[in-house]
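Undergrad: My structure file query11.tsv, TSV, C-alpha atoms, is below:
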chain	number	residue	atom	x	y	z
A	89	MET	CA	-139.72	-30.96	26.39
A	90	THR	CA	-141.11	-34.22	25.07
A	91	PRO	CA	-144.48	-35.49	26.39
A	92	ARG	CA	-142.60	-38.15	28.36
A	93	ALA	CA	-140.37	-35.50	29.97
A	94	ILE	CA	-143.44	-33.41	30.86
A	95	VAL	CA	-145.10	-36.37	32.57
A	96	ARG	CA	-141.85	-37.21	34.36
A	97	ASN	CA	-141.40	-33.67	35.69
A	98	VAL	CA	-145.04	-33.34	36.75
A	99	LEU	CA	-144.83	-36.59	38.73
A	100	ALA	CA	-141.48	-35.52	40.19
A	101	GLY	CA	-143.05	-32.25	41.37
A	102	ILE	CA	-145.96	-34.08	42.99
A	103	THR	CA	-143.60	-36.52	44.73
A	104	THR	CA	-141.45	-33.66	46.00
A	105	SER	CA	-144.47	-31.74	47.28
A	106	LEU	CA	-145.70	-34.75	49.26
A	107	ALA	CA	-142.31	-35.18	50.90
A	108	MET	CA	-142.00	-31.43	51.54
A	109	VAL	CA	-145.25	-30.95	53.50
A	110	PRO	CA	-144.27	-32.72	56.76
A	111	GLU	CA	-140.74	-31.31	56.63
A	112	VAL	CA	-141.95	-27.74	56.22
A	113	VAL	CA	-144.63	-28.22	58.88
A	114	ALA	CA	-142.00	-29.53	61.32
A	115	PHE	CA	-139.67	-26.60	60.58
A	116	ALA	CA	-142.53	-24.13	61.04
A	117	LEU	CA	-143.33	-25.62	64.44
A	118	LEU	CA	-139.63	-25.44	65.29
A	119	ALA	CA	-139.70	-21.72	64.44
A	120	LYS	CA	-142.82	-21.30	66.64
A	121	VAL	CA	-145.08	-20.21	63.77
A	122	ASN	CA	-148.30	-21.61	62.30
A	123	PRO	CA	-147.62	-24.54	59.91
A	124	VAL	CA	-149.46	-22.74	57.12
A	125	VAL	CA	-146.88	-19.93	57.43
A	126	GLY	CA	-144.21	-22.48	56.51
A	127	LEU	CA	-146.27	-23.85	53.63
A	128	TYR	CA	-146.77	-20.35	52.22
A	129	ALA	CA	-142.98	-20.07	51.96
A	130	ALA	CA	-142.84	-23.35	50.05
A	131	VAL	CA	-145.49	-22.05	47.64
A	132	ILE	CA	-144.24	-18.49	47.02
A	133	LEU	CA	-140.47	-18.98	47.27
A	134	GLY	CA	-140.67	-22.37	45.58
A	135	PHE	CA	-142.59	-20.96	42.61
A	136	VAL	CA	-140.43	-17.85	42.14
A	137	THR	CA	-137.11	-19.71	42.27
A	138	ALA	CA	-138.35	-22.56	40.08
A	139	ALA	CA	-139.65	-20.16	37.43
A	140	PHE	CA	-136.90	-17.52	37.48
A	141	GLY	CA	-133.92	-18.96	39.41
A	142	GLY	CA	-130.51	-19.89	38.08
A	143	ARG	CA	-130.68	-23.66	38.49
A	144	PRO	CA	-133.58	-25.79	37.14
A	145	GLY	CA	-134.21	-28.78	39.36
A	146	LEU	CA	-133.50	-26.86	42.58
A	147	ILE	CA	-136.32	-26.98	45.15
A	148	SER	CA	-136.73	-24.14	47.67
A	149	GLY	CA	-138.94	-23.73	50.72
A	150	GLY	CA	-138.94	-23.15	54.45
A	151	ALA	CA	-135.67	-24.75	55.55
A	152	GLY	CA	-134.67	-26.04	58.97
A	153	SER	CA	-131.31	-24.26	58.85
A	154	LEU	CA	-133.20	-20.95	58.89
A	155	ALA	CA	-135.85	-22.06	61.39
A	156	VAL	CA	-133.33	-22.79	64.15
A	157	VAL	CA	-131.94	-19.24	63.84
A	158	SER	CA	-135.24	-17.38	63.51
A	159	VAL	CA	-136.97	-19.05	66.48
A	160	ALA	CA	-135.34	-16.63	68.96
A	161	LEU	CA	-136.71	-13.64	67.03
A	162	VAL	CA	-140.24	-15.07	67.04
A	163	VAL	CA	-140.16	-15.96	70.74
A	164	ASN	CA	-138.78	-12.59	71.84
A	165	HIS	CA	-140.61	-10.23	69.49
A	166	GLY	CA	-143.41	-12.02	67.63
A	167	VAL	CA	-144.09	-13.36	64.15
A	168	ASP	CA	-144.47	-9.95	62.51
A	169	TYR	CA	-140.85	-9.21	63.29
A	170	LEU	CA	-139.99	-12.45	61.48
A	171	PHE	CA	-141.88	-11.25	58.39
A	172	ALA	CA	-139.99	-7.93	58.50
A	173	CYS	CA	-136.73	-9.84	58.93
A	174	ILE	CA	-137.47	-12.05	55.90
A	175	ILE	CA	-138.21	-9.00	53.74
A	176	LEU	CA	-134.88	-7.40	54.69
A	177	MET	CA	-133.13	-10.74	54.21
A	178	GLY	CA	-134.54	-10.92	50.69
A	179	VAL	CA	-133.29	-7.42	49.93
A	180	PHE	CA	-129.77	-8.44	51.01
A	181	GLN	CA	-129.91	-11.59	48.86
A	182	PHE	CA	-131.11	-9.65	45.81
A	183	ALA	CA	-128.33	-7.08	46.30
A	184	PHE	CA	-125.81	-9.93	46.62
A	185	GLY	CA	-126.78	-11.25	43.21
A	186	LEU	CA	-127.11	-7.79	41.67
A	187	CYS	CA	-123.52	-7.03	42.72
A	188	ARG	CA	-122.44	-10.29	41.04
A	189	LEU	CA	-121.02	-11.75	44.25
A	190	GLY	CA	-122.15	-15.28	43.40
A	191	ARG	CA	-118.62	-15.96	42.19
A	192	LEU	CA	-117.57	-16.16	45.86
A	193	ILE	CA	-118.93	-19.72	45.89
A	194	ARG	CA	-115.73	-20.72	44.06
A	195	TYR	CA	-113.92	-20.53	47.42
A	196	VAL	CA	-115.89	-23.54	48.60
A	197	THR	CA	-113.56	-26.48	47.92
A	198	PRO	CA	-114.67	-30.09	47.32
A	199	ALA	CA	-113.79	-30.99	50.94
A	200	VAL	CA	-116.03	-28.22	52.30
A	201	MET	CA	-118.75	-29.27	49.86
A	202	ASN	CA	-118.54	-32.86	51.12
A	203	GLY	CA	-118.83	-31.67	54.72
A	204	PHE	CA	-121.86	-29.55	53.85
A	205	VAL	CA	-123.63	-32.42	52.09
A	206	ASN	CA	-122.82	-34.99	54.76
A	207	GLY	CA	-123.76	-32.65	57.60
A	208	LEU	CA	-127.16	-31.84	56.11
A	209	ALA	CA	-127.75	-35.52	55.36
A	210	LEU	CA	-127.20	-36.29	59.06
A	211	ILE	CA	-129.47	-33.42	60.15
A	212	ILE	CA	-132.26	-34.64	57.85
A	213	PHE	CA	-131.79	-38.23	59.02
A	214	PHE	CA	-131.93	-37.52	62.74
A	215	SER	CA	-134.78	-35.01	62.37
A	216	GLN	CA	-137.03	-37.84	61.17
A	217	PHE	CA	-136.95	-39.50	64.59
A	218	GLY	CA	-138.92	-36.64	66.09
A	219	GLN	CA	-142.03	-38.13	64.45
A	220	VAL	CA	-141.37	-41.70	65.66
A	221	PRO	CA	-143.23	-43.04	68.76
A	222	ARG	CA	-141.05	-43.72	71.78
A	223	GLY	CA	-142.08	-47.34	72.24
A	224	GLY	CA	-144.84	-49.92	72.28
A	225	PRO	CA	-146.92	-51.27	69.38
A	226	ALA	CA	-147.06	-47.87	67.68
A	227	LEU	CA	-143.26	-47.90	67.32
A	228	TYR	CA	-143.21	-51.41	65.85
A	229	THR	CA	-146.01	-50.57	63.44
A	230	MET	CA	-144.28	-47.44	62.22
A	231	ALA	CA	-140.94	-49.23	61.90
A	232	ALA	CA	-142.58	-51.94	59.75
A	233	LEU	CA	-144.23	-49.31	57.53
A	234	ILE	CA	-140.95	-47.41	57.18
A	235	GLY	CA	-139.26	-50.63	56.12
A	236	LEU	CA	-142.04	-51.31	53.61
A	237	THR	CA	-141.61	-47.79	52.19
A	238	VAL	CA	-137.85	-48.22	51.79
A	239	ALA	CA	-138.42	-51.58	50.05
A	240	GLY	CA	-141.01	-50.00	47.77
A	241	VAL	CA	-138.71	-47.12	46.84
A	242	LEU	CA	-135.81	-49.46	46.08
A	243	LEU	CA	-137.86	-51.99	44.10
A	244	ALA	CA	-140.03	-49.55	42.14
A	245	PRO	CA	-137.39	-48.77	39.45
A	246	ARG	CA	-137.31	-52.48	38.56
A	247	ILE	CA	-141.04	-52.38	37.83
A	248	THR	CA	-141.50	-48.97	36.20
A	249	ARG	CA	-139.47	-45.85	35.61
A	250	LEU	CA	-142.43	-43.75	34.55
A	251	VAL	CA	-143.65	-43.20	38.12
A	252	PRO	CA	-140.99	-41.86	40.55
A	253	ALA	CA	-139.80	-44.40	43.12
A	254	GLY	CA	-140.59	-42.08	46.03
A	255	LEU	CA	-144.19	-41.67	44.90
A	256	CYS	CA	-144.50	-45.46	44.50
A	257	GLY	CA	-143.34	-45.96	48.09
A	258	ILE	CA	-145.78	-43.36	49.43
A	259	LEU	CA	-148.72	-44.80	47.47
A	260	LEU	CA	-147.85	-48.37	48.48
A	261	VAL	CA	-147.79	-47.70	52.21
A	262	SER	CA	-150.83	-45.42	52.08
A	263	ALA	CA	-152.76	-48.19	50.31
A	264	VAL	CA	-151.66	-50.82	52.85
A	265	VAL	CA	-152.64	-48.61	55.80
A	266	TRP	CA	-156.04	-47.88	54.25
A	267	ALA	CA	-156.75	-51.47	53.14
A	268	PHE	CA	-155.94	-53.05	56.50
A	269	GLY	CA	-157.15	-50.23	58.73
A	270	ILE	CA	-153.73	-49.89	60.38
A	271	GLN	CA	-153.58	-47.30	63.15
A	272	THR	CA	-150.48	-45.17	62.68
A	273	ARG	CA	-149.47	-41.53	62.79
A	274	THR	CA	-150.46	-39.41	59.80
A	275	VAL	CA	-149.59	-35.93	58.55
A	276	GLY	CA	-152.80	-34.65	60.14
A	277	ASP	CA	-151.55	-35.78	63.56
A	278	ILE	CA	-148.64	-33.32	63.23
A	279	ALA	CA	-150.75	-30.30	62.30
A	280	GLY	CA	-153.62	-29.24	60.08
A	281	ILE	CA	-152.57	-27.78	56.74
A	282	ALA	CA	-155.88	-26.28	55.57
A	283	GLY	CA	-155.80	-22.58	54.83
A	284	ALA	CA	-156.68	-19.80	52.42
A	285	LEU	CA	-154.78	-18.04	49.68
A	286	PRO	CA	-151.89	-16.01	51.09
A	287	ALA	CA	-152.87	-12.34	51.33
A	288	PHE	CA	-150.64	-9.29	51.04
A	289	SER	CA	-150.05	-7.42	54.28
A	290	MET	CA	-147.40	-5.19	55.79
A	291	PRO	CA	-145.70	-6.59	58.90
A	292	VAL	CA	-147.19	-4.94	61.97
A	293	VAL	CA	-143.97	-3.52	63.42
A	294	PRO	CA	-142.93	0.03	64.36
A	295	LEU	CA	-141.02	1.66	61.49
A	296	THR	CA	-138.19	2.84	63.72
A	297	LEU	CA	-134.43	2.45	64.02
A	298	GLU	CA	-135.01	0.25	67.07
A	299	THR	CA	-136.93	-2.22	64.92
A	300	LEU	CA	-134.16	-2.14	62.32
A	301	TRP	CA	-131.50	-2.96	64.92
A	302	ILE	CA	-133.62	-5.87	66.15
A	303	VAL	CA	-134.15	-7.52	62.75
A	304	LEU	CA	-130.86	-6.53	61.05
A	305	PRO	CA	-128.58	-9.14	62.71
A	306	TYR	CA	-131.08	-11.93	62.03
A	307	SER	CA	-131.53	-10.78	58.43
A	308	LEU	CA	-127.79	-10.84	57.78
A	309	VAL	CA	-127.26	-14.27	59.32
A	310	LEU	CA	-130.33	-15.78	57.67
A	311	GLY	CA	-129.37	-14.25	54.34
A	312	MET	CA	-125.87	-15.69	54.56
A	313	ILE	CA	-127.08	-19.15	55.56
A	314	GLY	CA	-129.75	-19.13	52.86
A	315	LEU	CA	-127.32	-18.13	50.10
A	316	ILE	CA	-124.66	-20.63	51.15
A	317	GLU	CA	-127.14	-23.51	51.34
A	318	THR	CA	-128.77	-22.50	48.07
A	319	LEU	CA	-125.60	-22.09	46.02
A	320	LEU	CA	-124.00	-25.25	47.38
A	321	THR	CA	-127.17	-27.22	46.70
A	322	ALA	CA	-127.17	-25.76	43.18
A	323	ASN	CA	-123.64	-27.09	42.71
A	324	LEU	CA	-124.89	-30.47	43.91
A	325	VAL	CA	-127.56	-30.37	41.20
A	326	ASP	CA	-124.86	-29.61	38.63
A	327	ASP	CA	-122.90	-32.66	39.73
A	328	PHE	CA	-126.04	-34.80	39.54
A	329	VAL	CA	-127.26	-33.60	36.14
A	330	HIS	CA	-123.91	-32.98	34.46
A	331	PRO	CA	-121.31	-35.19	36.20
A	332	ASP	CA	-118.93	-34.78	33.26
A	333	LYS	CA	-119.05	-30.96	33.45
A	334	PRO	CA	-119.73	-30.03	37.08
A	335	HIS	CA	-120.54	-26.46	38.12
A	336	GLN	CA	-121.04	-25.25	34.56
A	337	HIS	CA	-124.78	-24.72	34.45
A	338	THR	CA	-125.74	-22.80	37.60
A	339	HIS	CA	-126.17	-19.03	37.33
A	340	PRO	CA	-125.38	-18.08	40.95
A	341	ASN	CA	-126.21	-14.39	40.65
A	342	ARG	CA	-129.54	-15.09	39.00
A	343	GLU	CA	-130.34	-17.68	41.67
A	344	SER	CA	-129.39	-15.23	44.43
A	345	MET	CA	-131.67	-12.53	43.01
A	346	ALA	CA	-134.54	-15.00	42.59
A	347	GLN	CA	-134.12	-16.13	46.19
A	348	GLY	CA	-134.16	-12.50	47.26
A	349	VAL	CA	-137.32	-11.63	45.35
A	350	GLY	CA	-138.98	-14.83	46.58
A	351	ASN	CA	-138.18	-14.05	50.21
A	352	VAL	CA	-139.36	-10.44	49.92
A	353	LEU	CA	-142.69	-11.65	48.53
A	354	THR	CA	-142.86	-14.38	51.19
A	355	GLY	CA	-142.44	-11.81	53.95
A	356	PHE	CA	-145.19	-9.59	52.52
A	357	PHE	CA	-147.55	-12.56	52.11
A	358	GLY	CA	-147.06	-14.05	55.57
A	359	GLY	CA	-144.45	-16.75	54.96
A	360	MET	CA	-141.48	-17.75	57.10
A	361	GLY	CA	-138.90	-17.39	54.33
A	362	GLY	CA	-136.50	-20.06	53.18
A	363	CYS	CA	-133.84	-21.26	50.78
A	364	ALA	CA	-132.94	-24.34	48.77
A	365	MET	CA	-133.75	-27.63	50.52
A	366	ILE	CA	-131.20	-30.34	49.82
A	367	GLY	CA	-133.43	-33.28	50.81
A	368	GLN	CA	-136.34	-32.25	48.61
A	369	THR	CA	-133.96	-31.33	45.79
A	370	VAL	CA	-132.48	-34.84	45.86
A	371	ILE	CA	-135.99	-36.34	45.84
A	372	ASN	CA	-136.84	-34.20	42.82
A	373	LEU	CA	-133.69	-35.22	40.96
A	374	GLU	CA	-134.07	-38.91	41.79
A	375	ALA	CA	-137.61	-38.67	40.38
A	376	GLY	CA	-136.34	-37.09	37.15
A	377	GLY	CA	-137.34	-33.48	37.83
A	378	PHE	CA	-134.54	-31.75	35.92
A	379	HIS	CA	-136.63	-28.92	34.43
A	380	ARG	CA	-138.31	-25.83	35.88
A	381	LEU	CA	-141.69	-27.51	35.46
A	382	ALA	CA	-141.00	-29.89	38.36
A	383	GLY	CA	-140.40	-27.06	40.87
A	384	ILE	CA	-143.41	-25.10	39.62
A	385	VAL	CA	-145.66	-28.17	39.94
A	386	SER	CA	-144.33	-28.82	43.46
A	387	ALA	CA	-145.19	-25.27	44.57
A	388	LEU	CA	-148.64	-25.30	42.96
A	389	ALA	CA	-149.38	-28.76	44.37
A	390	ILE	CA	-148.70	-27.52	47.91
A	391	LEU	CA	-151.04	-24.60	47.28
A	392	CYS	CA	-153.71	-27.07	46.16
A	393	TYR	CA	-153.17	-29.10	49.34
A	394	ILE	CA	-153.73	-25.97	51.42
A	395	LEU	CA	-156.86	-24.92	49.56
A	396	PHE	CA	-158.59	-28.13	48.47
A	397	ALA	CA	-156.87	-31.38	49.41
A	398	SER	CA	-155.87	-31.00	53.05
A	399	PRO	CA	-157.95	-34.03	54.26
A	400	LEU	CA	-156.30	-36.26	51.66
A	401	ILE	CA	-152.75	-35.13	52.46
A	402	GLU	CA	-153.38	-35.23	56.21
A	403	ALA	CA	-154.29	-38.92	55.81
A	404	VAL	CA	-150.85	-39.84	54.38
A	405	PRO	CA	-148.91	-41.98	56.89
A	406	VAL	CA	-145.88	-40.24	58.34
A	407	ALA	CA	-144.00	-43.55	58.07
A	408	ALA	CA	-144.17	-43.38	54.27
A	409	LEU	CA	-142.57	-39.94	54.20
A	410	ILE	CA	-139.91	-40.92	56.76
A	411	GLY	CA	-139.02	-43.95	54.65
A	412	VAL	CA	-138.57	-41.78	51.57
A	413	MET	CA	-136.36	-39.36	53.51
A	414	PHE	CA	-134.22	-42.24	54.83
A	415	VAL	CA	-133.49	-43.29	51.26
A	416	VAL	CA	-132.74	-39.68	50.36
A	417	CYS	CA	-130.27	-39.37	53.24
A	418	PHE	CA	-128.49	-42.54	52.13
A	419	HIS	CA	-128.12	-41.23	48.58
A	420	THR	CA	-127.14	-37.74	49.74
A	421	PHE	CA	-124.33	-38.78	52.08
A	422	ASP	CA	-120.98	-39.06	50.29
A	423	TRP	CA	-119.85	-42.52	51.33
A	424	LYS	CA	-116.51	-42.11	49.52
A	425	THR	CA	-115.48	-39.27	51.82
A	426	PHE	CA	-113.29	-41.39	54.08
A	427	SER	CA	-111.36	-42.98	51.21
A	428	LYS	CA	-109.88	-39.63	50.13
A	429	GLY	CA	-106.73	-37.85	51.29
A	430	ARG	CA	-106.07	-36.99	54.93
A	431	ASP	CA	-106.49	-33.23	54.47
A	432	HIS	CA	-109.77	-33.74	52.61
A	433	VAL	CA	-111.13	-36.05	55.32
A	434	VAL	CA	-110.17	-33.68	58.15
A	435	VAL	CA	-111.82	-30.65	56.54
A	436	THR	CA	-114.90	-32.68	55.64
A	437	LEU	CA	-115.28	-33.94	59.21
A	438	VAL	CA	-114.82	-30.45	60.69
A	439	VAL	CA	-117.46	-28.96	58.38
A	440	MET	CA	-119.81	-31.91	58.92
A	441	VAL	CA	-119.63	-31.70	62.71
A	442	ALA	CA	-119.87	-27.90	62.71
A	443	THR	CA	-122.94	-28.05	60.44
A	444	VAL	CA	-124.70	-30.34	62.91
A	445	ALA	CA	-123.49	-28.51	66.03
A	446	THR	CA	-123.81	-24.84	64.98
A	447	ASN	CA	-125.17	-23.64	61.65
A	448	LEU	CA	-124.25	-23.89	58.00
A	449	ALA	CA	-122.70	-20.44	57.64
A	450	TYR	CA	-120.25	-20.96	60.50
A	451	ALA	CA	-119.41	-24.47	59.29
A	452	VAL	CA	-118.62	-23.45	55.72
A	453	LEU	CA	-116.61	-20.38	56.78
A	454	LEU	CA	-114.62	-22.54	59.23
A	455	GLY	CA	-113.90	-25.08	56.50
A	456	ILE	CA	-112.75	-22.38	54.07
A	457	LEU	CA	-110.52	-20.84	56.76
A	458	ILE	CA	-108.85	-24.19	57.53
A	459	GLU	CA	-108.29	-24.85	53.82
A	460	ARG	CA	-106.69	-21.42	53.30
A	461	MET	CA	-104.45	-21.81	56.35
A	462	TRP	CA	-103.19	-25.16	55.11
A	463	GLN	CA	-102.58	-23.86	51.60
A	464	ARG	CA	-100.63	-20.92	52.99
A	465	TRP	CA	-98.44	-22.62	55.59
A	466	ARG	CA	-97.90	-26.24	54.68
A	467	PRO	CA	-94.76	-27.10	52.67
A	468	PRO	CA	-95.33	-27.67	48.95
A	469	SER	CA	-94.29	-31.32	49.31
A	470	ALA	CA	-96.75	-32.05	52.13
A	471	GLY	CA	-99.99	-33.78	51.28
A	472	ALA	CA	-101.78	-33.97	47.99
A	473	PRO	CA	-101.84	-31.15	45.44
A	474	ARG	CA	-104.02	-28.22	46.27
A	475	GLU	CA	-107.69	-28.75	45.42
A	476	SER	CA	-109.39	-26.22	43.23
A	477	GLY	CA	-112.67	-24.70	44.29
A	478	ALA	CA	-116.00	-25.45	42.78
A	479	VAL	CA	-116.42	-22.65	40.29
A	480	ALA	CA	-120.01	-21.78	39.52
A	481	GLY	CA	-120.51	-20.73	35.94
A	482	GLU	CA	-121.41	-17.13	35.21
A	483	ARG	CA	-123.81	-16.22	32.45
As structure tokens, what does this structure read like?
TA:
Amino acid sequence: MTPRAIVRNVLAGITTSLAMVPEVVAFALLAKVNPVVGLYAAVILGFVTAAFGGRPGLISGGAGSLAVVSVALVVNHGVDYLFACIILMGVFQFAFGLCRLGRLIRYVTPAVMNGFVNGLALIIFFSQFGQVPRGGPALYTMAALIGLTVAGVLLAPRITRLVPAGLCGILLVSAVVWAFGIQTRTVGDIAGIAGALPAFSMPVVPLTLETLWIVLPYSLVLGMIGLIETLLTANLVDDFVHPDKPHQHTHPNRESMAQGVGNVLTGFFGGMGGCAMIGQTVINLEAGGFHRLAGIVSALAILCYILFASPLIEAVPVAALIGVMFVVCFHTFDWKTFSKGRDHVVVTLVVMVATVATNLAYAVLLGILIERMWQRWRPPSAGAPRESGAVAGER
């Protein structure tokens, strides 16, 4: 890499890490675990997949799609059962890649891919409102700061392309809040992020068949959701980085094995597990983080926040991070969806709604099933020609 590319990727990693902290903290609270448990996943899984995964530019961490499934396990059995579940989930993911099953992603057609992207964009968008005050002056103040962040992100590229637009927006609003003494919600108001280095420990669970039957269903579902979200997000990175040759640069089996190893280590070091995060990946790409360095810097930056810089990060206004995520959602959503053929639009809408209403695994499988039924039973003259799947390159 050139010195300019190194600087660009380092700044992209820092920008991504800043945007990841409140998201991961919120997902950890959703899963009923300590926020630091979520941040450990962002550090360990994020580092392993960035360094050894099959798609540079992909950002992994504790994802909301996994948190909503794992919360029942934590509530009913405790956090140690979650750690055991994540370890077993990682084993399944590693075996998936080892058996070279990553090629199955080719069955995900462009319509299903659009539904996945649009559904997650909506989930990310609406999840931001959980941090917004219900009314009064605090609401108006936060709304104004969110608007200022969006303006800063959109105008920054016209001033400089060396510093990522998202980082410019965060720094701008943070400076305004500090300079004028504006009272608004900060990251520290959500939860404290200070902690120590993650330490190796075995999950405190009975090593019995009963324990296996408790964690096995969760491990299978979480593993499936994590792989689907990861491999589809990897395809999205391909489209972003190589629009002329989509789906030719991801190594799905390598990425699956890296996700598996990362989740096994996360479980042993007290993390909540995770997968690729589409919002943070888009932030990274928009900031120019196309190389492995960006993901590695993001993971190490979060570790530094935990160990040394928690007061500084806890002082960042939540409005700045919400504003960045709003821009990300706008860029993530495929606005051309509804100008495509009828069959494409129907499948996209079904997958999009199912992603929001249920979970990603069910949504994608439903979309694939509908596509296969139509291809099998509709007359050859009906509708547009059959769409080919998104084939992930094997190397």
Undergrad: What gap, in Å, lies between atom CA of Met345 of chain A and atom CA of Gln181 of chain A?
TA: 6.2 Å
Undergrad: Can you pull out every residue within 12 Å of Tyr306 of chain A, counting all atoms listed in the file, but drop anything in the same chain fewer than 2 positions away, and send it as an MDAnalysis selection string?
TA: chainID A and resid 154:162 169:178 180 299:304 308:314
Undergrad: Which residues of segment 268-297 of chain A sit at most 10 Å from segment 214-226 of chain A, using all atoms listed in the file? Give each one's shortest atom pair and distance in Å (one decimal place), in chain and ascending residue order, as a Markdown table.
TA:
| residue | atom | partner | partner_atom | distance |
| --- | --- | --- | --- | --- |
| A:Gln271 | CA | A:Ala226 | CA | 8.0 |
| A:Thr272 | CA | A:Ala226 | CA | 6.6 |
| A:Arg273 | CA | A:Gln219 | CA | 8.3 |
| A:Thr274 | CA | A:Gln219 | CA | 9.7 |
| A:Val275 | CA | A:Gln219 | CA | 9.8 |
| A:Asp277 | CA | A:Gln219 | CA | 9.8 |
| A:Ile278 | CA | A:Gln219 | CA | 8.3 |
Undergrad: Would you save the residues from that selection as a compact mmCIF listing (two decimals), in the coordinates of the input, using C-alpha atoms?
TA:
# COMPACT_ATOMS: atom_id res chain seq x y z
CA GLN A 271 -153.58 -47.30 63.15
CA THR A 272 -150.48 -45.17 62.68
CA ARG A 273 -149.47 -41.53 62.79
CA THR A 274 -150.46 -39.41 59.80
CA VAL A 275 -149.59 -35.93 58.55
CA ASP A 277 -151.55 -35.78 63.56
CA ILE A 278 -148.64 -33.32 63.23
Undergrad: Given all atoms listed in the file as the basis, pick out the residue of A:Leu373, A:Leu189, A:Leu297, A:Leu127 nearest to Ala284 of chain A.
TA: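 Checking each candidate against Ala284 of chain A, we get A:Leu127 as the closest.
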Undergrad: Name the residues in contact with Glu317 of chain A at a cut-off of 8 Å, using all atoms listed in the file, excluding same-chain residues fewer than 3 positions from it; report them as a VMD selection string.
TA: chain A and resid 313 to 314 320 to 321 363 to 365 448
Undergrad: Please, what is the axis-aligned box for every listed atom of segment 345-357 of chain A with 3 Å on each side, as centre and edge lengths in Å to one decimal, as JSON?
TA:
{"center_x": -139.6, "center_y": -12.9, "center_z": 48.3, "size_x": 21.9, "size_y": 12.5, "size_z": 17.4}
Undergrad: Give me, as number ranges by chain, all polymer residues having an atom no more than 9 Å from Leu409 of chain A, counting only C-alpha atoms and skipping those fewer than 4 positions away in the same chain.
TA: A: 106-108, 110, 234, 237, 254, 257-258, 404-405, 413-414
Undergrad: Might you pull out every residue within 12 Å of Val434 of chain A, with all atoms listed in the file counted and same-chain residues fewer than 3 positions away left off, and present them as a PyMOL selection string?
TA: chain A and resi 199-200+202-203+425-431+437-441+455+458-459+462
Undergrad: Provide the atom CA of Pro144 of chain A to atom CA of Ile384 of chain A distance in Å, to one decimal place.
TA: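 Rounded to one decimal, the two atoms are 10.2 Å apart.
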Undergrad: Between A:Val124, A:Ala442, A:Val264, A:Leu118, which residue has the minimum interatomic distance to Ile390 of chain A, considering all atoms listed in the file?
TA: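 Of the candidates, the smallest distance to Ile390 of chain A is held by A:Val124.
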Undergrad: Given the choices A:Ile366, A:Leu260, A:Gly269, A:Phe378, which gets closest to Gly235 of chain A if the distance is worked out from all atoms listed in the file?
TA: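 Using all atoms listed in the file, the shortest distance to Gly235 of chain A belongs to A:Leu260.
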Undergrad: Select, from A:Ile401, A:Gly411, A:Met290, A:Val205, the residue with the minimum atom-to-atom distance to Ala239 of chain A, counting all atoms listed in the file.
TA: A:Gly411
Undergrad: Point out the residue among A:Thr90, A:Asn341, A:Ser153, A:Thr296 with the least atom-to-atom distance to Arg191 of chain A, counting only C-alpha atoms.
TA: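 With only C-alpha atoms as the atom set, the closest residue is A:Asn341.
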Undergrad: Find the distance between atom CA of Ile316 of chain A and atom CA of Gly358 of chain A and write it in Å to one decimal.
TA: 23.8 Å
Undergrad: Dump as a VMD selection string all residues having an atom at most 12 Å from (-138.8, -28.4, 32.7), computed in the file's coordinates with all atoms listed in the file.
TA: chain A and resid 89 to 101 138 to 139 143 to 146 372 to 373 376 to 385
Undergrad: Counting all atoms listed in the file, which of A:Arg460, A:Phe288, A:Ile132, A:Glu374 gets nearest to Val325 of chain A?
TA: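 Of A:Arg460, A:Phe288, A:Ile132, A:Glu374, the one nearest Val325 of chain A is A:Glu374, counting all atoms listed in the file.
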Undergrad: Give me the residues near Leu210 of chain A as a PyMOL selection string, where near means some atom within 8 Å (using only C-alpha atoms) and where sequence neighbours in that chain fewer than 6 positions away do not count.
TA: chain A and resi 417+421+444
